[in-house]
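Let me begin by presenting the structure, written as structure tokens, before commenting on it.
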Amino acid sequence: MNKFIFIFCVITSCCSITFSQSVVNSTTPIHATIVQGLSISHAQKTSLEYGEIVLSGQAVTASIEPSHGAVLLVAGSPDKNVTVTYSPAILSNESWAKQNSGRKSSIVFTPNLENTGKNDLYLNPSKIVSGNSYKLEKVKNDGRLYLWVGGSIYVDKTQADGDYEGTFTVNVTY
């Protein structure tokens with residue numbers, strides 16, 4: 001009899017497990033936004049040239065206004081905001097100093113950027129502040145933002161001679 005009760009209990013528990021199971025489900029919404037990749041290219045003048053700066057016993061600040069500087073075109077999805085970041089750049093005369101047995105030195109380039117939206121002409125510019133966002137304005141199927149790059153260099157009255165070179169970098173992200 002005990003055997004019978006044991007078998008009955010095993011069968012009953014298996015059936016109750018089978019019959020007591022239920023199916024539960026959940027749904028999760030899925031969303032994706034596809035945007036054009038960003039690109040940045042030189043639209044006009046590709047470098048900033050300060051020319052010869054003659055030391056005359058006084059410090060001098062040489063400047064190039066954005067309207068006379070390099071012009072960059074940022075392209076991507078229309079009406080999307082992009083964040084523009086940049087920092088001062090260091091210019092060095094190291095290569096010149098090595099070739100001419102001169103004194104190594106550096107100077108700081110302080111950037112000054114402006115934008116003209118989708119306009120490739122220097123009309124109604126507004127200042128670009130590093131870390132701020134700007135809208136890519138629609139031109140046909142693209143979004144565009146023209147960046148005008150100028151800036152200044154401070155040359156101390158005891159600055160070492162030489163050809164000073166460096167690279168200025170602008171980062172643009174969605």
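Just remember, in the structure tokens the first chain shown is A, the second B, etc., residues are 1-based per chain, and ligands are 1-based in the order shown.
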
For region 101-165 of chain A against region 43-51 of chain A, with a cut-off of 9 Å and counting only C-alpha atoms, what is the closest atom pair and its distance in Å to one decimal for every residue that makes the cut, ordered by chain and number, as JSON lines?
```
{"residue": "A:Asp120", "atom": "CA", "partner": "A:Ala43", "partner_atom": "CA", "distance": 8.2}
{"residue": "A:Tyr146", "atom": "CA", "partner": "A:Ala43", "partner_atom": "CA", "distance": 8.2}
{"residue": "A:Val149", "atom": "CA", "partner": "A:Leu48", "partner_atom": "CA", "distance": 8.4}
{"residue": "A:Gly150", "atom": "CA", "partner": "A:Leu48", "partner_atom": "CA", "distance": 7.4}
{"residue": "A:Gly151", "atom": "CA", "partner": "A:Leu48", "partner_atom": "CA", "distance": 8.7}
{"residue": "A:Ile153", "atom": "CA", "partner": "A:Tyr50", "partner_atom": "CA", "distance": 8.9}
```

Using N, CA, C and O atoms, can you export the residues from the last selection as a PDB file, in the first residue's frame?
```pdb
ATOM      1  N   ASP A 120      28.789  79.631 -47.510  1.00  0.00           N
ATOM      2  CA  ASP A 120      30.230  79.527 -47.743  1.00  0.00           C
ATOM      3  C   ASP A 120      30.882  80.889 -47.937  1.00  0.00           C
ATOM      4  O   ASP A 120      32.076  80.984 -48.183  1.00  0.00           O
ATOM      5  N   TYR A 146      29.779  75.937 -41.911  1.00  0.00           N
ATOM      6  CA  TYR A 146      31.092  76.458 -42.299  1.00  0.00           C
ATOM      7  C   TYR A 146      31.775  77.073 -41.086  1.00  0.00           C
ATOM      8  O   TYR A 146      31.193  77.918 -40.399  1.00  0.00           O
ATOM      9  N   VAL A 149      38.450  79.735 -39.366  1.00  0.00           N
ATOM     10  CA  VAL A 149      39.484  79.600 -38.341  1.00  0.00           C
ATOM     11  C   VAL A 149      40.514  80.714 -38.460  1.00  0.00           C
ATOM     12  O   VAL A 149      41.155  80.871 -39.496  1.00  0.00           O
ATOM     13  N   GLY A 150      40.649  81.461 -37.394  1.00  0.00           N
ATOM     14  CA  GLY A 150      41.699  82.453 -37.265  1.00  0.00           C
ATOM     15  C   GLY A 150      42.315  82.275 -35.889  1.00  0.00           C
ATOM     16  O   GLY A 150      42.043  81.305 -35.191  1.00  0.00           O
ATOM     17  N   GLY A 151      43.126  83.213 -35.483  1.00  0.00           N
ATOM     18  CA  GLY A 151      43.709  83.127 -34.158  1.00  0.00           C
ATOM     19  C   GLY A 151      44.924  84.012 -34.027  1.00  0.00           C
ATOM     20  O   GLY A 151      45.304  84.735 -34.955  1.00  0.00           O
ATOM     21  N   ILE A 153      49.018  84.584 -32.142  1.00  0.00           N
ATOM     22  CA  ILE A 153      50.214  84.056 -31.479  1.00  0.00           C
ATOM     23  C   ILE A 153      50.896  85.218 -30.767  1.00  0.00           C
ATOM     24  O   ILE A 153      50.972  86.325 -31.309  1.00  0.00           O
TER      25      ILE A 153
END
```

Any chance you could tabulate, as CSV, the residues of region 78-150 of chain A at most 12 Å from region 68-72 of chain A with each one's nearest atom pair and distance in Å to one decimal, using only C-alpha atoms, in chain and rising number order?
```
residue,atom,partner,partner_atom,distance
A:Pro111,CA,A:Gly69,CA,10.6
A:Asn112,CA,A:Gly69,CA,9.7
A:Leu113,CA,A:Gly69,CA,9.4
A:Glu114,CA,A:Val71,CA,9.7
A:Asn115,CA,A:Val71,CA,9.3
A:Thr116,CA,A:Val71,CA,10.3
A:Gly117,CA,A:Leu72,CA,11.3
A:Lys118,CA,A:Leu72,CA,11.4
A:Asn119,CA,A:Val71,CA,11.3
A:Asp120,CA,A:Val71,CA,8.6
A:Leu121,CA,A:Val71,CA,9.9
A:Tyr122,CA,A:His68,CA,9.5
A:Arg144,CA,A:Leu72,CA,10.3
A:Leu145,CA,A:Leu72,CA,8.3
A:Tyr146,CA,A:Leu72,CA,5.7
A:Leu147,CA,A:Leu72,CA,5.0
A:Trp148,CA,A:Val71,CA,4.6
A:Val149,CA,A:Ala70,CA,5.1
A:Gly150,CA,A:Gly69,CA,4.9
```

query = With only C-alpha atoms as the basis for distance, which of A:Ser95, A:Gln36, A:Asn25, A:Ser130 is at the shortest distance from Gly76 (chain A)?
reply =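 Between A:Ser95, A:Gln36, A:Asn25, A:Ser130, the residue approaching Gly76 (chain A) most closely is A:Gln36.
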
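Of the listed residues A:Thr61, A:Asn141, A:Ser77, A:Ser56, the one whose atoms come nearest to Ser39 (chain A) is A:Ser77, with distances taken using only C-alpha atoms.
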
inquiry  = Between CA of Val74 (chain A) and CA of Lys135 (chain A), what distance in Å does the model show, to one decimal?
reply    =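 Interatomic distance, CA of Val74 (chain A) to CA of Lys135 (chain A): 10.5 Å.
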
request  = Pick out the closest residue to Trp96 (chain A) from this set: A:Val172, A:Val84, A:Ala160, A:Ile53. Count only C-alpha atoms.
outcome  = A:Ala160

inquiry  = Please compute the CA of Val139 (chain A)-CA of Leu73 (chain A) distance, one decimal, in Å.
reply    = 12.4 Å

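With distances restricted to only C-alpha atoms, A:Ser67 is the closest residue to Pro125 (chain A) from A:Ser26, A:Asn100, A:Ser67, A:Thr158.
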
query = What is the distance between CA of Thr169 (chain A) and CA of Ala89 (chain A), in Å to one decimal?
reply =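 About the pair CA of Thr169 (chain A) and CA of Ala89 (chain A): they are 8.0 Å apart.
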
task = Tell me which of A:Thr28, A:Ser41, A:Gln58, A:Asn93 sits closest to Lys157 (chain A), counting only C-alpha atoms.
result =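 Of all the options, A:Gln58 lies closest to Lys157 (chain A).
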
key: Closest of A:Val54, A:Ile107, A:Ala75, A:Leu136 to Ile90 (chain A) - atom-to-atom distances counting only C-alpha atoms   =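 Distance minimum relative to Ile90 (chain A) lands on A:Ile107.
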
Would you kindly return, as a PDB file with N, CA and C atoms, in the first residue's frame, each protein, DNA or RNA residue with an atom no farther than 7 Å from any atom of Ser92 (chain A), considering only C-alpha atoms and excluding same-chain residues fewer than 3 positions away?
```pdb
ATOM      1  N   SER A 105      62.393  76.519 -28.933  1.00  0.00           N
ATOM      2  CA  SER A 105      61.407  77.330 -28.243  1.00  0.00           C
ATOM      3  C   SER A 105      60.017  76.995 -28.782  1.00  0.00           C
ATOM      4  N   SER A 106      58.996  77.503 -28.109  1.00  0.00           N
ATOM      5  CA  SER A 106      57.625  77.289 -28.573  1.00  0.00           C
ATOM      6  C   SER A 106      56.787  78.527 -28.304  1.00  0.00           C
ATOM      7  N   ILE A 107      55.693  78.630 -29.022  1.00  0.00           N
ATOM      8  CA  ILE A 107      54.725  79.696 -28.806  1.00  0.00           C
ATOM      9  C   ILE A 107      53.331  79.074 -28.850  1.00  0.00           C
ATOM     10  N   TYR A 164      58.424  78.323 -36.849  1.00  0.00           N
ATOM     11  CA  TYR A 164      57.554  77.679 -35.864  1.00  0.00           C
ATOM     12  C   TYR A 164      56.417  76.971 -36.584  1.00  0.00           C
ATOM     13  N   GLU A 165      56.206  75.719 -36.218  1.00  0.00           N
ATOM     14  CA  GLU A 165      55.175  74.909 -36.858  1.00  0.00           C
ATOM     15  C   GLU A 165      54.369  74.155 -35.808  1.00  0.00           C
ATOM     16  N   GLY A 166      53.135  73.901 -36.148  1.00  0.00           N
ATOM     17  CA  GLY A 166      52.261  73.125 -35.281  1.00  0.00           C
ATOM     18  C   GLY A 166      50.979  72.791 -36.028  1.00  0.00           C
TER      19      GLY A 166
END
```

message = Please extract the residues of region 14-155 of chain A with a backbone DSSP assignment of alpha helix (DSSP H) and present them as number ranges by chain.
response = A: 14-20, 94-100

request  = Extract the full set of strand (DSSP E or B) residues from chain A according to DSSP on the backbone, and format it as a VMD selection string.
outcome  = chain A and resid 39 to 42 60 to 64 70 to 76 81 to 86 89 to 92 106 to 115 126 to 127 133 to 135 137 to 139 142 to 155 165 170 to 173

Mind writing the picked residues with C-alpha atoms as a tab-separated table (two decimals), in the first residue's frame?
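Written output follows (out_27.tsv):
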```
chain	number	residue	atom	x	y	z
A	39	SER	CA	32.85	64.77	-42.28
A	40	ILE	CA	35.05	67.82	-42.01
A	41	SER	CA	37.17	69.15	-44.86
A	42	HIS	CA	38.98	72.28	-45.95
A	60	VAL	CA	54.07	91.42	-30.33
A	61	THR	CA	50.78	89.63	-30.83
A	62	ALA	CA	50.20	88.59	-34.42
A	63	SER	CA	46.60	87.86	-35.40
A	64	ILE	CA	44.72	86.44	-38.34
A	70	ALA	CA	41.22	78.73	-43.04
A	71	VAL	CA	37.66	77.64	-43.87
A	72	LEU	CA	36.34	74.22	-42.88
A	73	LEU	CA	33.13	72.55	-44.03
A	74	VAL	CA	31.34	70.25	-41.58
A	75	ALA	CA	28.82	67.97	-43.33
A	76	GLY	CA	26.34	65.52	-41.87
A	81	ASN	CA	23.26	69.51	-33.70
A	82	VAL	CA	27.01	68.96	-33.56
A	83	THR	CA	29.37	69.82	-30.74
A	84	VAL	CA	32.55	71.64	-31.75
A	85	THR	CA	35.61	71.39	-29.50
A	86	TYR	CA	39.12	72.76	-29.84
A	89	ALA	CA	47.93	74.64	-30.14
A	90	ILE	CA	51.66	74.72	-29.46
A	91	LEU	CA	53.95	75.82	-32.28
A	92	SER	CA	57.59	74.75	-32.04
A	106	SER	CA	57.63	77.29	-28.57
A	107	ILE	CA	54.72	79.70	-28.81
A	108	VAL	CA	50.99	79.25	-28.22
A	109	PHE	CA	48.39	79.61	-30.94
A	110	THR	CA	45.11	80.89	-29.46
A	111	PRO	CA	42.28	79.99	-31.84
A	112	ASN	CA	39.37	82.22	-32.83
A	113	LEU	CA	36.57	80.39	-34.66
A	114	GLU	CA	33.38	81.69	-36.21
A	115	ASN	CA	30.63	80.05	-38.25
A	126	SER	CA	28.88	84.13	-35.12
A	127	LYS	CA	31.52	83.06	-32.63
A	133	SER	CA	26.50	72.81	-30.07
A	134	TYR	CA	25.61	74.19	-33.48
A	135	LYS	CA	22.97	73.10	-35.99
A	137	GLU	CA	21.75	73.66	-41.77
A	138	LYS	CA	20.03	71.91	-44.65
A	139	VAL	CA	21.46	72.23	-48.17
A	142	ASP	CA	23.06	67.44	-46.48
A	143	GLY	CA	23.51	69.42	-43.32
A	144	ARG	CA	26.32	71.97	-43.47
A	145	LEU	CA	28.22	74.24	-41.14
A	146	TYR	CA	31.09	76.46	-42.30
A	147	LEU	CA	33.81	77.13	-39.72
A	148	TRP	CA	36.19	80.05	-40.21
A	149	VAL	CA	39.48	79.60	-38.34
A	150	GLY	CA	41.70	82.45	-37.26
A	151	GLY	CA	43.71	83.13	-34.16
A	152	SER	CA	46.69	84.81	-32.60
A	153	ILE	CA	50.21	84.06	-31.48
A	154	TYR	CA	52.06	85.96	-28.80
A	155	VAL	CA	55.74	86.47	-29.62
A	165	GLU	CA	55.18	74.91	-36.86
A	170	VAL	CA	38.95	70.87	-34.43
A	171	ASN	CA	36.74	68.00	-33.22
A	172	VAL	CA	33.11	67.73	-34.27
A	173	THR	CA	30.69	65.15	-32.83
```
